[in-house]
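J.: File follows, target.cif with mmCIF, C-alpha atoms:
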```cif
data_entry
#
loop_
_atom_site.label_atom_id
_atom_site.label_comp_id
_atom_site.auth_asym_id
_atom_site.auth_seq_id
_atom_site.Cartn_x
_atom_site.Cartn_y
_atom_site.Cartn_z
CA MET C 222 72.10 -24.27 -211.97
CA VAL C 223 70.97 -27.68 -210.88
CA HIS C 224 68.55 -27.72 -213.75
CA GLY C 225 71.40 -26.99 -216.18
CA LYS C 226 73.49 -29.84 -214.81
CA LYS C 227 70.61 -32.26 -215.30
CA LEU C 228 70.41 -31.29 -218.96
CA ALA C 229 74.19 -31.72 -219.31
CA LYS C 230 74.04 -35.17 -217.81
CA GLU C 231 71.54 -36.30 -220.36
CA THR C 232 73.78 -35.12 -223.29
CA LEU C 233 77.15 -36.48 -222.07
CA LEU C 234 78.53 -39.98 -222.80
CA PRO C 235 78.44 -42.71 -220.12
CA SER C 236 82.20 -42.57 -219.55
CA VAL C 237 82.01 -38.96 -218.77
CA LEU C 238 79.08 -39.55 -216.45
CA GLU C 239 81.02 -41.98 -214.35
CA ASP C 240 83.91 -39.54 -213.93
CA ASP C 241 81.62 -36.73 -213.08
CA ASP C 242 79.56 -38.57 -210.43
CA ALA C 243 81.95 -37.74 -207.67
CA GLU C 244 82.23 -34.14 -208.76
CA THR C 245 78.49 -33.87 -208.98
CA GLU C 246 78.01 -35.13 -205.43
CA SER C 247 80.65 -32.72 -204.11
CA GLU C 248 79.04 -29.86 -205.96
CA LYS C 249 75.65 -30.75 -204.50
CA LEU C 250 77.08 -30.67 -201.03
CA GLN C 251 78.63 -27.26 -201.61
CA LEU C 252 75.47 -25.92 -203.15
CA GLY C 253 73.49 -27.24 -200.22
CA GLU C 254 75.72 -25.49 -197.72
CA GLN C 255 75.60 -22.26 -199.70
CA ARG C 256 71.81 -22.43 -199.92
CA ALA C 257 71.45 -23.28 -196.27
CA SER C 258 73.16 -20.15 -195.07
CA PRO C 259 71.22 -17.74 -197.33
CA THR C 260 68.00 -19.48 -196.37
CA GLU C 261 68.79 -19.02 -192.75
CA PHE C 262 69.63 -15.41 -193.41
CA ASP C 263 66.51 -14.80 -195.41
CA VAL C 264 64.22 -16.39 -192.81
CA ARG C 265 65.94 -14.59 -190.01
CA GLY C 266 65.88 -11.45 -192.02
CA LEU C 267 62.10 -11.72 -192.43
CA LYS C 268 61.44 -12.41 -188.78
CA ASP C 269 64.23 -10.87 -186.83
CA GLN C 270 65.89 -8.19 -188.91
CA ARG C 271 64.71 -5.02 -190.55
CA SER C 272 66.62 -2.30 -192.32
CA SER C 273 66.52 1.26 -191.18
CA PRO C 274 66.01 4.16 -193.56
CA ASP C 275 69.78 4.80 -193.59
CA GLY C 276 70.48 1.23 -194.63
CA ASN C 277 71.58 -0.15 -191.26
CA VAL C 278 70.09 -3.45 -190.23
CA LEU C 279 68.12 -3.42 -186.99
CA ASP C 280 67.11 -6.32 -184.84
CA GLY C 281 63.34 -6.94 -185.49
CA GLY C 282 62.46 -8.27 -182.02
CA GLU C 283 63.92 -5.30 -180.22
CA LYS C 284 62.25 -2.85 -182.58
CA GLU C 285 58.79 -4.34 -182.05
CA GLY C 286 59.24 -4.23 -178.29
CA GLU C 287 60.14 -0.57 -178.48
CA GLU C 288 57.12 0.19 -180.68
CA GLU C 289 54.74 -1.59 -178.28
CA GLU C 290 56.18 0.34 -175.35
CA GLU C 291 55.73 3.59 -177.24
CA GLU C 292 52.09 2.72 -178.06
CA GLU C 293 51.37 1.86 -174.42
CA GLU C 294 52.93 5.12 -173.28
CA THR C 295 50.83 7.02 -175.86
CA GLU C 296 47.65 5.35 -174.61
CA GLU C 297 48.54 6.07 -171.00
CA GLU C 298 49.14 9.71 -171.83
CA GLY C 299 45.76 9.87 -173.64
CA LEU C 300 43.88 8.23 -170.78
CA GLY C 301 45.49 9.45 -167.64
CA GLY C 302 48.29 11.82 -168.46
CA GLY C 303 49.12 14.66 -166.19
CA GLU C 304 48.04 17.19 -168.76
CA CYS C 305 44.45 15.69 -169.17
CA VAL C 306 42.34 16.99 -166.25
CA ILE C 307 38.76 15.67 -165.68
CA SER C 308 36.46 17.93 -163.66
CA ASP C 309 34.26 16.69 -160.85
CA GLU C 310 31.17 17.55 -162.87
CA GLU C 311 31.99 14.81 -165.39
CA TYR C 312 31.91 12.08 -162.74
CA ASP C 313 28.63 10.13 -162.63
CA THR C 314 27.98 8.75 -159.16
CA ASP C 315 24.93 7.15 -157.56
CA LEU C 316 24.66 10.02 -155.12
CA GLU C 317 24.49 12.62 -157.85
CA LEU C 318 21.95 10.54 -159.81
CA GLY C 319 19.73 10.54 -156.76
CA ASP C 320 19.95 14.32 -156.58
CA LYS C 321 18.92 14.65 -160.22
CA GLU C 322 15.73 12.58 -159.83
CA GLU C 323 12.56 14.60 -159.41
CA ALA C 324 11.10 14.46 -155.92
CA TYR C 325 7.72 12.76 -155.50
CA ASP C 326 4.92 15.31 -155.40
CA PRO C 327 2.07 14.00 -153.23
CA THR C 328 0.00 17.13 -153.84
CA GLY C 329 -0.16 16.67 -157.60
CA GLN C 330 0.54 20.34 -158.24
CA THR C 331 3.44 19.59 -160.56
CA SER C 332 1.48 17.14 -162.69
CA TYR C 333 -1.42 19.61 -162.88
CA VAL C 334 0.75 22.46 -164.12
CA GLU C 335 2.40 20.20 -166.68
CA ALA C 336 -1.00 18.98 -167.88
CA CYS C 337 -2.18 22.57 -168.25
CA GLU C 338 0.88 23.40 -170.33
CA MET C 339 0.33 20.41 -172.57
CA LEU C 340 -3.37 21.17 -173.04
CA GLN C 341 -2.71 24.91 -173.32
CA VAL C 342 -5.06 26.00 -170.56
CA VAL C 343 -4.53 28.37 -167.67
CA PRO C 344 -4.10 26.56 -164.31
CA ALA C 345 -6.87 27.23 -161.81
CA SER C 346 -5.25 28.89 -158.81
CA TYR C 347 -8.20 27.93 -156.62
CA PHE C 348 -7.54 24.26 -157.33
CA LEU C 349 -3.84 24.64 -156.51
CA ARG C 350 -4.74 26.21 -153.16
CA HIS C 351 -7.44 23.74 -152.14
CA MET C 352 -6.40 20.42 -153.67
CA GLN C 353 -5.45 19.13 -150.21
CA ASN C 354 -8.86 19.83 -148.67
CA SER C 355 -11.35 17.05 -148.04
CA GLU C 356 -13.97 18.89 -150.10
CA LEU C 357 -13.31 20.67 -153.39
CA SER C 358 -16.04 22.91 -154.77
CA MET C 359 -15.35 24.46 -158.17
CA MET C 360 -18.78 25.47 -159.43
CA HIS C 361 -19.25 27.94 -162.30
CA ARG C 362 -15.53 28.08 -163.13
CA GLY C 363 -15.87 27.63 -166.89
CA LEU C 364 -13.28 24.85 -167.04
CA GLY C 365 -14.47 23.48 -170.35
CA PRO C 366 -13.40 20.11 -171.79
CA GLN C 367 -9.66 20.88 -171.82
CA GLY C 368 -9.58 22.41 -168.36
CA THR C 369 -11.45 19.42 -167.01
CA LYS C 370 -8.95 17.04 -168.59
CA ALA C 371 -6.09 18.86 -166.91
CA LEU C 372 -7.92 18.81 -163.59
CA ALA C 373 -8.45 15.05 -163.83
CA VAL C 374 -4.72 14.29 -164.09
CA PRO C 375 -3.71 15.09 -160.47
CA LEU C 376 -7.02 13.80 -159.12
CA VAL C 377 -6.08 10.28 -160.19
CA THR C 378 -3.56 10.04 -157.33
CA ASN C 379 -5.09 12.59 -154.95
CA THR C 380 -5.86 11.08 -151.55
CA SER C 381 -7.25 14.16 -149.77
CA ILE C 382 -10.40 15.10 -151.67
CA LEU C 383 -13.46 13.09 -150.64
CA ARG C 384 -16.23 15.30 -152.06
CA LEU C 385 -15.90 16.82 -155.52
CA ASN C 386 -18.29 19.48 -156.83
CA LEU C 387 -17.75 20.49 -160.48
CA ARG C 388 -21.22 21.80 -161.21
CA ASP C 389 -21.77 24.06 -164.21
CA ASN C 390 -18.37 23.97 -165.89
CA TRP C 391 -19.47 23.23 -169.47
CA MET C 392 -17.19 20.19 -169.57
CA GLU C 393 -19.32 18.41 -172.20
CA GLY C 394 -18.85 14.76 -173.13
CA MET C 395 -15.05 14.83 -173.42
CA GLY C 396 -14.60 16.45 -170.04
CA GLY C 397 -17.08 14.05 -168.47
CA ALA C 398 -15.17 11.13 -169.96
CA ALA C 399 -11.94 12.45 -168.39
CA ILE C 400 -13.58 12.62 -164.95
CA ALA C 401 -15.00 9.14 -165.46
CA GLU C 402 -11.56 7.73 -166.28
CA MET C 403 -10.17 9.43 -163.19
CA LEU C 404 -12.85 7.89 -160.98
CA LYS C 405 -11.88 4.44 -162.24
CA GLU C 406 -8.49 4.90 -160.55
CA ASN C 407 -9.30 7.15 -157.59
CA CYS C 408 -10.54 5.17 -154.60
CA TYR C 409 -11.01 8.05 -152.15
CA ILE C 410 -13.67 10.30 -153.68
CA THR C 411 -17.14 9.30 -152.44
CA GLU C 412 -19.36 12.17 -153.63
CA VAL C 413 -19.34 13.80 -157.08
CA ASP C 414 -21.53 16.56 -158.51
CA LEU C 415 -21.36 16.85 -162.31
CA SER C 416 -24.70 18.60 -162.77
CA ASP C 417 -25.31 21.19 -165.51
CA ASN C 418 -22.28 20.23 -167.57
CA ARG C 419 -23.90 19.20 -170.86
CA LEU C 420 -22.36 15.74 -170.73
CA GLY C 421 -24.81 14.35 -173.26
CA ASP C 422 -25.15 10.69 -174.17
CA TYR C 423 -21.40 10.43 -174.81
CA GLY C 424 -20.67 11.47 -171.25
CA ALA C 425 -23.37 9.12 -169.96
CA LYS C 426 -21.65 6.22 -171.69
CA ALA C 427 -18.33 7.06 -170.01
CA ILE C 428 -20.03 7.47 -166.62
CA ALA C 429 -21.75 4.10 -167.03
CA ALA C 430 -18.43 2.39 -167.77
CA MET C 431 -16.98 3.99 -164.64
CA LEU C 432 -19.85 2.80 -162.43
CA LYS C 433 -19.13 -0.78 -163.46
CA GLU C 434 -15.61 -0.51 -162.00
CA ASN C 435 -15.81 2.07 -159.22
CA SER C 436 -16.51 0.68 -155.75
CA THR C 437 -16.18 3.78 -153.56
CA LEU C 438 -18.58 6.33 -155.05
CA VAL C 439 -21.66 6.79 -152.88
CA SER C 440 -23.35 9.89 -154.31
CA LEU C 441 -23.53 11.02 -157.95
CA ASN C 442 -25.38 14.06 -159.29
CA LEU C 443 -25.93 14.02 -163.08
CA SER C 444 -28.73 16.55 -163.17
CA GLY C 445 -29.13 18.82 -166.19
CA ASN C 446 -26.84 17.03 -168.63
CA HIS C 447 -29.07 16.62 -171.70
CA PHE C 448 -29.42 12.86 -171.25
CA THR C 449 -31.84 11.14 -173.63
CA ASP C 450 -33.21 7.62 -173.84
CA ARG C 451 -29.86 6.57 -175.28
CA ALA C 452 -28.19 7.60 -172.04
CA ALA C 453 -30.62 5.37 -170.14
CA GLU C 454 -29.50 2.44 -172.28
CA HIS C 455 -25.92 3.02 -171.12
CA LEU C 456 -26.74 3.63 -167.46
CA SER C 457 -29.19 0.79 -166.94
CA PRO C 458 -26.65 -2.11 -166.98
CA ALA C 459 -24.32 -0.11 -164.75
CA LEU C 460 -27.05 0.35 -162.14
CA ILE C 461 -27.56 -3.40 -162.04
CA THR C 462 -23.82 -4.07 -161.64
CA ASN C 463 -22.96 -1.32 -159.17
CA THR C 464 -23.96 -2.04 -155.58
CA LYS C 465 -22.13 0.81 -153.81
CA LEU C 466 -23.84 3.90 -155.23
CA GLN C 467 -26.55 5.07 -152.82
CA ARG C 468 -27.72 8.42 -154.23
CA LEU C 469 -28.30 9.13 -157.91
CA ASP C 470 -29.77 12.32 -159.37
CA LEU C 471 -30.90 12.20 -163.01
CA SER C 472 -33.27 15.16 -162.82
CA TYR C 473 -33.61 17.93 -165.41
CA ASN C 474 -32.74 15.73 -168.37
CA ALA C 475 -34.64 14.56 -171.45
CA LEU C 476 -35.41 10.97 -170.41
CA GLY C 477 -38.57 9.86 -172.17
CA GLU C 478 -40.96 6.94 -172.27
CA ARG C 479 -38.32 4.50 -173.49
CA ALA C 480 -36.01 5.55 -170.67
CA GLY C 481 -38.74 4.80 -168.14
CA GLN C 482 -39.08 1.27 -169.46
CA ILE C 483 -35.31 0.69 -169.43
CA LEU C 484 -34.73 2.17 -165.99
CA GLY C 485 -37.68 0.26 -164.58
CA ASP C 486 -35.87 -3.02 -165.12
CA SER C 487 -32.61 -1.77 -163.59
CA VAL C 488 -34.37 -0.23 -160.58
CA SER C 489 -36.06 -3.52 -159.76
CA GLU C 490 -32.70 -5.33 -159.72
CA ASN C 491 -30.58 -2.64 -158.11
CA THR C 492 -29.41 -3.45 -154.59
CA GLY C 493 -27.48 -0.32 -153.66
CA LEU C 494 -29.52 2.83 -154.30
CA ARG C 495 -31.24 4.49 -151.36
CA SER C 496 -32.26 7.69 -153.15
CA LEU C 497 -33.25 8.23 -156.79
CA SER C 498 -34.36 11.42 -158.52
CA LEU C 499 -35.93 11.39 -161.99
CA ALA C 500 -37.65 14.74 -161.60
CA TRP C 501 -38.12 17.13 -164.52
CA ASN C 502 -37.94 14.54 -167.29
CA CYS C 503 -40.39 13.36 -169.94
CA ILE C 504 -41.35 9.94 -168.60
CA ARG C 505 -44.92 9.05 -169.48
CA GLY C 506 -47.16 6.31 -170.84
CA LYS C 507 -45.75 2.80 -170.64
CA GLY C 508 -42.56 4.22 -169.23
CA THR C 509 -44.33 5.28 -166.05
CA VAL C 510 -45.94 1.85 -165.65
CA MET C 511 -42.63 0.02 -166.09
CA LEU C 512 -40.89 2.39 -163.70
CA ALA C 513 -43.61 1.90 -161.08
CA ASN C 514 -43.30 -1.86 -161.48
CA GLY C 515 -39.57 -1.53 -160.89
CA LEU C 516 -40.24 0.34 -157.65
CA ALA C 517 -42.55 -2.44 -156.54
CA GLY C 518 -39.73 -4.97 -156.83
CA ASN C 519 -37.04 -2.84 -155.23
CA ILE C 520 -36.34 -3.48 -151.56
CA PHE C 521 -33.64 -0.88 -150.91
CA LEU C 522 -34.86 2.52 -152.12
CA ARG C 523 -35.93 4.90 -149.37
CA SER C 524 -36.61 8.07 -151.36
CA VAL C 525 -37.87 8.53 -154.94
CA ASP C 526 -38.56 11.82 -156.72
CA LEU C 527 -40.73 11.47 -159.85
CA SER C 528 -42.03 15.02 -159.94
CA TYR C 529 -42.55 16.98 -163.17
CA ASN C 530 -43.10 13.99 -165.45
CA GLY C 531 -46.27 12.70 -167.08
CA PHE C 532 -47.53 9.80 -164.97
CA GLY C 533 -51.21 10.68 -165.40
CA LYS C 534 -53.90 8.22 -164.47
CA GLU C 535 -52.12 5.18 -165.85
CA GLY C 536 -48.95 5.86 -163.92
CA ALA C 537 -50.88 6.66 -160.73
CA ILE C 538 -52.63 3.30 -160.87
CA ALA C 539 -49.27 1.54 -161.25
CA LEU C 540 -47.85 3.49 -158.31
CA GLY C 541 -50.81 2.44 -156.16
CA GLN C 542 -50.03 -1.18 -156.90
CA ALA C 543 -46.33 -0.59 -156.17
CA LEU C 544 -47.17 0.85 -152.74
CA LYS C 545 -49.02 -2.34 -151.93
CA GLU C 546 -45.96 -4.47 -152.62
CA ASN C 547 -43.12 -2.22 -151.52
CA ASN C 548 -42.41 -2.29 -147.80
CA VAL C 549 -39.26 -0.14 -147.76
CA LEU C 550 -40.00 3.17 -149.51
CA GLU C 551 -40.38 6.14 -147.14
CA GLU C 552 -40.58 9.24 -149.37
CA LEU C 553 -42.41 9.57 -152.69
CA ASN C 554 -42.75 12.76 -154.74
CA VAL C 555 -45.18 12.64 -157.67
CA SER C 556 -46.07 16.32 -157.83
CA ASN C 557 -46.79 17.96 -161.21
CA ASN C 558 -47.64 14.71 -163.00
CA ARG C 559 -51.09 15.51 -164.42
CA ILE C 560 -52.73 12.95 -162.14
CA PRO C 561 -56.56 13.29 -162.22
CA PRO C 562 -58.89 12.71 -159.22
CA ASP C 563 -59.65 9.09 -160.08
CA GLY C 564 -55.94 8.43 -160.50
CA ALA C 565 -55.30 9.81 -157.02
CA ILE C 566 -58.02 7.59 -155.56
CA ARG C 567 -56.46 4.52 -157.21
CA LEU C 568 -53.05 5.49 -155.83
CA ALA C 569 -54.64 5.88 -152.39
CA MET C 570 -55.60 2.21 -152.43
CA GLY C 571 -51.97 1.36 -151.98
CA LEU C 572 -51.77 3.59 -148.93
CA LYS C 573 -54.41 1.50 -147.17
CA VAL C 574 -51.92 -1.35 -146.74
CA ASN C 575 -48.53 0.37 -146.92
CA LYS C 576 -46.64 0.47 -143.61
CA THR C 577 -43.48 2.40 -144.47
CA ILE C 578 -44.32 5.50 -146.50
CA LYS C 579 -43.77 8.62 -144.39
CA SER C 580 -43.98 11.47 -146.88
CA LEU C 581 -46.16 11.78 -149.99
CA ASN C 582 -46.08 14.84 -152.25
CA MET C 583 -49.06 15.12 -154.60
CA GLY C 584 -48.85 18.90 -155.06
CA ARG C 585 -49.81 20.70 -158.27
CA ASN C 586 -51.78 17.79 -159.65
CA PRO C 587 -55.38 18.31 -160.84
CA ILE C 588 -56.71 15.86 -158.26
CA GLN C 589 -59.07 18.48 -156.78
CA HIS C 590 -60.50 18.14 -153.28
CA ALA C 591 -61.92 14.67 -154.12
CA GLY C 592 -58.44 13.26 -154.68
CA CYS C 593 -57.10 14.88 -151.54
CA TYR C 594 -59.98 13.51 -149.51
CA GLY C 595 -59.46 9.97 -150.90
CA ILE C 596 -55.79 9.93 -149.97
CA LEU C 597 -56.39 11.23 -146.45
CA LYS C 598 -59.18 8.71 -145.98
CA SER C 599 -56.84 5.83 -146.91
CA VAL C 600 -54.38 6.97 -144.26
CA GLN C 601 -57.18 6.97 -141.69
CA GLU C 602 -58.16 3.42 -142.60
CA ASN C 603 -54.64 2.07 -142.20
CA PRO C 604 -53.83 1.63 -138.51
CA ASP C 605 -50.24 0.67 -139.35
CA SER C 606 -49.64 3.73 -141.51
CA ALA C 607 -46.33 5.56 -140.96
CA MET C 608 -47.47 8.71 -142.75
CA GLU C 609 -46.06 11.93 -141.32
CA ALA C 610 -46.45 14.49 -144.12
CA LEU C 611 -48.96 14.98 -146.95
CA ASN C 612 -48.33 17.73 -149.48
CA PHE C 613 -51.26 19.00 -151.57
CA SER C 614 -49.72 22.37 -152.39
CA ASP C 615 -51.72 24.61 -154.76
CA ILE C 616 -54.74 22.29 -154.50
CA THR C 617 -57.81 23.68 -152.80
CA VAL C 618 -59.84 21.50 -150.44
CA ASN C 619 -63.38 21.74 -149.03
CA GLN C 620 -64.85 21.64 -145.55
CA ASP C 621 -65.27 17.87 -145.64
CA PHE C 622 -61.52 17.51 -146.01
CA GLU C 623 -60.95 19.86 -143.08
CA ASP C 624 -63.27 17.83 -140.87
CA LEU C 625 -61.61 14.57 -141.89
CA TYR C 626 -58.18 16.00 -141.16
CA THR C 627 -59.30 16.95 -137.66
CA THR C 628 -60.39 13.35 -137.07
CA VAL C 629 -57.21 11.83 -138.49
CA LYS C 630 -55.12 14.19 -136.42
CA GLU C 631 -56.45 12.50 -133.29
CA ILE C 632 -55.21 9.12 -134.57
CA PHE C 633 -51.89 10.37 -135.96
CA PRO C 634 -50.88 13.44 -133.93
CA THR C 635 -47.61 13.93 -135.84
CA LEU C 636 -49.28 14.07 -139.26
CA THR C 637 -48.97 17.39 -141.10
CA VAL C 638 -50.96 18.35 -144.21
CA ASN C 639 -50.14 21.16 -146.59
CA HIS C 640 -52.72 22.32 -149.14
CA GLY C 641 -53.64 25.31 -151.24
CA GLY C 642 -56.44 26.56 -149.01
CA ARG C 643 -60.09 25.76 -148.34
CA ILE C 644 -62.81 26.51 -150.82
CA GLY C 645 -65.01 29.42 -149.69
CA THR C 646 -62.38 31.11 -147.58
CA PHE C 647 -61.24 33.37 -150.40
CA ARG C 648 -63.10 36.67 -150.46
CA LYS C 649 -62.88 39.55 -152.84
CA ALA C 650 -61.01 42.54 -151.54
CA LYS C 651 -63.21 45.49 -150.62
CA ALA C 652 -63.02 48.42 -152.95
#
```
Output the file's structure as structure tokens, nothing else.
T.:
Amino acid sequence: MVHGKKLAKETLLPSVLEDDDAETESEKLQLGEQRASPTEFDVRGLKDQRSSPDGNVLDGGEKEGEEEEEEEETEEEGLGGGECVISDEEYDTDLELGDKEEAYDPTGQTSYVEACEMLQVVPASYFLRHMQNSELSMMHRGLGPQGTKALAVPLVTNTSILRLNLRDNWMEGMGGAAIAEMLKENCYITEVDLSDNRLGDYGAKAIAAMLKENSTLVSLNLSGNHFTDRAAEHLSPALITNTKLQRLDLSYNALGERAGQILGDSVSENTGLRSLSLAWNCIRGKGTVMLANGLAGNIFLRSVDLSYNGFGKEGAIALGQALKENNVLEELNVSNNRIPPDGAIRLAMGLKVNKTIKSLNMGRNPIQHAGCYGILKSVQENPDSAMEALNFSDITVNQDFEDLYTTVKEIFPTLTVNHGGRIGTFRKAKA
């Protein structure tokens, strides 16, 4: 309407405009009042008023308050209404959480059974009954690699077993590796027998890694495990590093000439071993010389078993030189080593100056009575000799040896000599 009046003003004459000025101002005032009231109504209607479905106008503020109250009441009914009942089992309290936690099992029986289930092996009832003893002996049980793995799990935290004997269980390299990993963590077991388990070079590598970390193991039996020269390469650095191991048995393996050379270096530097067995191997040639040289430099070994190898004359000469330098060794076994008579005589030269050797086993060597006589003569010529036992089993001697022994017996009353009999005393049975 205002827009229409503006157009009219532009078309009318000036005289008419003057007369209409007053009317126009009055009309504007009226229009302003009329517009003010609808505006107020519209604004209030948007904010404060709403129409009900039946057409009645409701106050907007009161309606919103009622809706909020209804929503709160609905929420209260959903959360804590009288009809919603929560059982005690749904409550989660600290006390009940403590009851749900599994109790600590110091015996390790639970972990062993779980490991057996995971590895699909039958639990060994003997182990479950004796796992709290100080000594566990499970020889010839046929554990196999998987059974050995399961057995190693509870032994990691076992604090009762001090001596562990797992001989002849066909654990192979994988089982041996599991025992080796266990011994890295267990600090209570001091003696372990893993003999006749076919550990192979793989198992030897795992055992060597364990010896570099373990500081409680005192005795280790690795006899009959198919070790080759490669195994010696793994074990040699470990023997230099480890200073706690006192007894090591590597007998009945396949250690050859190369192994003798490798072990010779480690033996000379080892400061922990008191007893070493390399019996029933294939050490010969340069390997025997290097091994003998290692014994010469060692100042801790008390007992060494080199029987059933191939020392021969060359190795016997090296051993004679080692006996001159070594002032700690007490027992030496070189039986069944194909040592000839002149080799025995060269070995005897070391006995003339040695002051510590108490027992020497030269049995089943082809040294004949000449070799036996030379060794006994060296003992006689050494006033500081500590010799107590000479073993010449299966080697016959002559009357000269018998006479010499009678003389030496007066100087060393405690000396005992074992031989294969005197020549000429054997007679044919009468028909």
J.: Could you expand the PyMOL selection byres ((chain C and resi 546-549) around 12) into the explicit residues it covers here, written as a VMD selection string?
T.: chain C and resid 489 495 to 496 513 to 525 539 to 545 550 to 553 570 to 579 605 to 607
J.: May I ask which of the residues C:Gln341, C:Asn446, C:Ser528, C:Asn435 is the closest one to Arg388 of chain C, counting only C-alpha atoms?
T.: C:Asn446
J.: From the options C:Gly506, C:Ala565, C:Ser580, C:Asn390, which residue's atoms come nearest to Ile596 of chain C, counting all atoms listed in the file?
T.: C:Ala565
J.: Rank nothing, just name the residue among C:Ala399, C:Val439, C:Ile566, C:Ile588 nearest to Lys465 of chain C, using only C-alpha atoms.
T.: C:Val439
J.: Please list, as a PDB file with C-alpha atoms, in the frame of the given file, the residues that have an atom at most 8 Å away from (-49.5, 19.8, -150.1) in the coordinates of this file, counting only C-alpha atoms.
T.:
```pdb
ATOM      1  CA  ASN C 582     -46.080  14.840-152.250  1.00  0.00           C
ATOM      2  CA  MET C 583     -49.060  15.120-154.600  1.00  0.00           C
ATOM      3  CA  GLY C 584     -48.850  18.900-155.060  1.00  0.00           C
ATOM      4  CA  LEU C 611     -48.960  14.980-146.950  1.00  0.00           C
ATOM      5  CA  ASN C 612     -48.330  17.730-149.480  1.00  0.00           C
ATOM      6  CA  PHE C 613     -51.260  19.000-151.570  1.00  0.00           C
ATOM      7  CA  SER C 614     -49.720  22.370-152.390  1.00  0.00           C
ATOM      8  CA  ASP C 615     -51.720  24.610-154.760  1.00  0.00           C
ATOM      9  CA  ILE C 616     -54.740  22.290-154.500  1.00  0.00           C
ATOM     10  CA  VAL C 638     -50.960  18.350-144.210  1.00  0.00           C
ATOM     11  CA  ASN C 639     -50.140  21.160-146.590  1.00  0.00           C
ATOM     12  CA  HIS C 640     -52.720  22.320-149.140  1.00  0.00           C
ATOM     13  CA  GLY C 641     -53.640  25.310-151.240  1.00  0.00           C
TER      14      GLY C 641
END
```
J.: On this structure, the PyMOL selection byres ((chain C and resi 426) around 9) would catch which residues? List them as a VMD selection string, sorted by chain and number.
T.: chain C and resid 398 421 to 425 427 to 431 451 to 452 454 to 456
J.: Please return the centre and edge lengths, in Å to one decimal, of a box with edges along x, y and z that contains all listed atoms of segment 535-544 of chain C, widened by 5 Å on every side, as lines of an AutoDock Vina configuration file.
T.:
```
center_x = -49.5
center_y = 2.7
center_z = -159.3
size_x = 16.3
size_y = 17.8
size_z = 23.1
```
J.: Here is a test: counting all atoms listed in the file, which residue of C:Leu499, C:Asn491, C:Glu406, C:Leu527 is nearest to Gly445 of chain C?
T.: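 Comparing C:Leu499, C:Asn491, C:Glu406, C:Leu527 against Gly445 of chain C, the winner is C:Leu499.
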J.: So which residues touch Ile483 of chain C within 7 Å, counting only C-alpha atoms, skipping near sequence neighbours fewer than 3 positions away, as a PyMOL selection string?
T.: chain C and resi 453-454+457+479-480+486-487
J.: Just to be explicit: take each residue in the selection above, keep C-alpha atoms, and write the result as a PDB file, in the coordinates of the input.
T.:
```pdb
ATOM      1  CA  ALA C 453     -30.620   5.370-170.140  1.00  0.00           C
ATOM      2  CA  GLU C 454     -29.500   2.440-172.280  1.00  0.00           C
ATOM      3  CA  SER C 457     -29.190   0.790-166.940  1.00  0.00           C
ATOM      4  CA  ARG C 479     -38.320   4.500-173.490  1.00  0.00           C
ATOM      5  CA  ALA C 480     -36.010   5.550-170.670  1.00  0.00           C
ATOM      6  CA  ASP C 486     -35.870  -3.020-165.120  1.00  0.00           C
ATOM      7  CA  SER C 487     -32.610  -1.770-163.590  1.00  0.00           C
TER       8      SER C 487
END
```
J.: Using only C-alpha atoms for the distances, tell me which of C:Leu415, C:Glu402, C:Ser440, C:Val555 is nearest to Met360 of chain C.
T.: C:Leu415
J.: Go through the shown structure with the PyMOL selection byres ((chain C and resi 442) around 6) and write out the matching residues as a short mmCIF file (atom, residue, chain, number, x, y, z; two decimals) with C-alpha atoms, keeping the file's coordinate frame.
T.:
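The result, stored in part_37.cif:
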```cif
data_model
loop_
_atom_site.label_atom_id
_atom_site.label_comp_id
_atom_site.auth_asym_id
_atom_site.auth_seq_id
_atom_site.Cartn_x
_atom_site.Cartn_y
_atom_site.Cartn_z
CA ASP C 414 -21.53 16.56 -158.51
CA LEU C 415 -21.36 16.85 -162.31
CA SER C 416 -24.70 18.60 -162.77
CA LEU C 441 -23.53 11.02 -157.95
CA LEU C 443 -25.93 14.02 -163.08
CA SER C 444 -28.73 16.55 -163.17
CA LEU C 469 -28.30 9.13 -157.91
CA ASP C 470 -29.77 12.32 -159.37
#
```
J.: One number please: atom CA of Leu420 of chain C to atom CA of Phe532 of chain C, in Å, one decimal.
T.: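 If I compute the distance from atom CA of Leu420 of chain C to atom CA of Phe532 of chain C, I get 26.5 Å.
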J.: Just the number, please: distance in Å from atom CA of Leu460 of chain C to atom CA of Met392 of chain C, one decimal.
T.: 23.4 Å
J.: Go through C:Gly363, C:Pro458, C:Pro375, C:Gly533 and flag the residue nearest Asn407 of chain C, using all atoms listed in the file for the distances.
T.: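 Distance minimum relative to Asn407 of chain C lands on C:Pro375.
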J.: Between atom CA of Asp417 of chain C and atom CA of Leu512 of chain C, what is the spacing in Å?
T.: 24.5 Å
J.: Taking 2 positions as the minimum chain separation for residues in the same chain, which residues sit within 8 Å of Leu340 of chain C when counting only C-alpha atoms? Answer as number ranges by chain.
T.: C: 336-338, 342, 367-368, 371
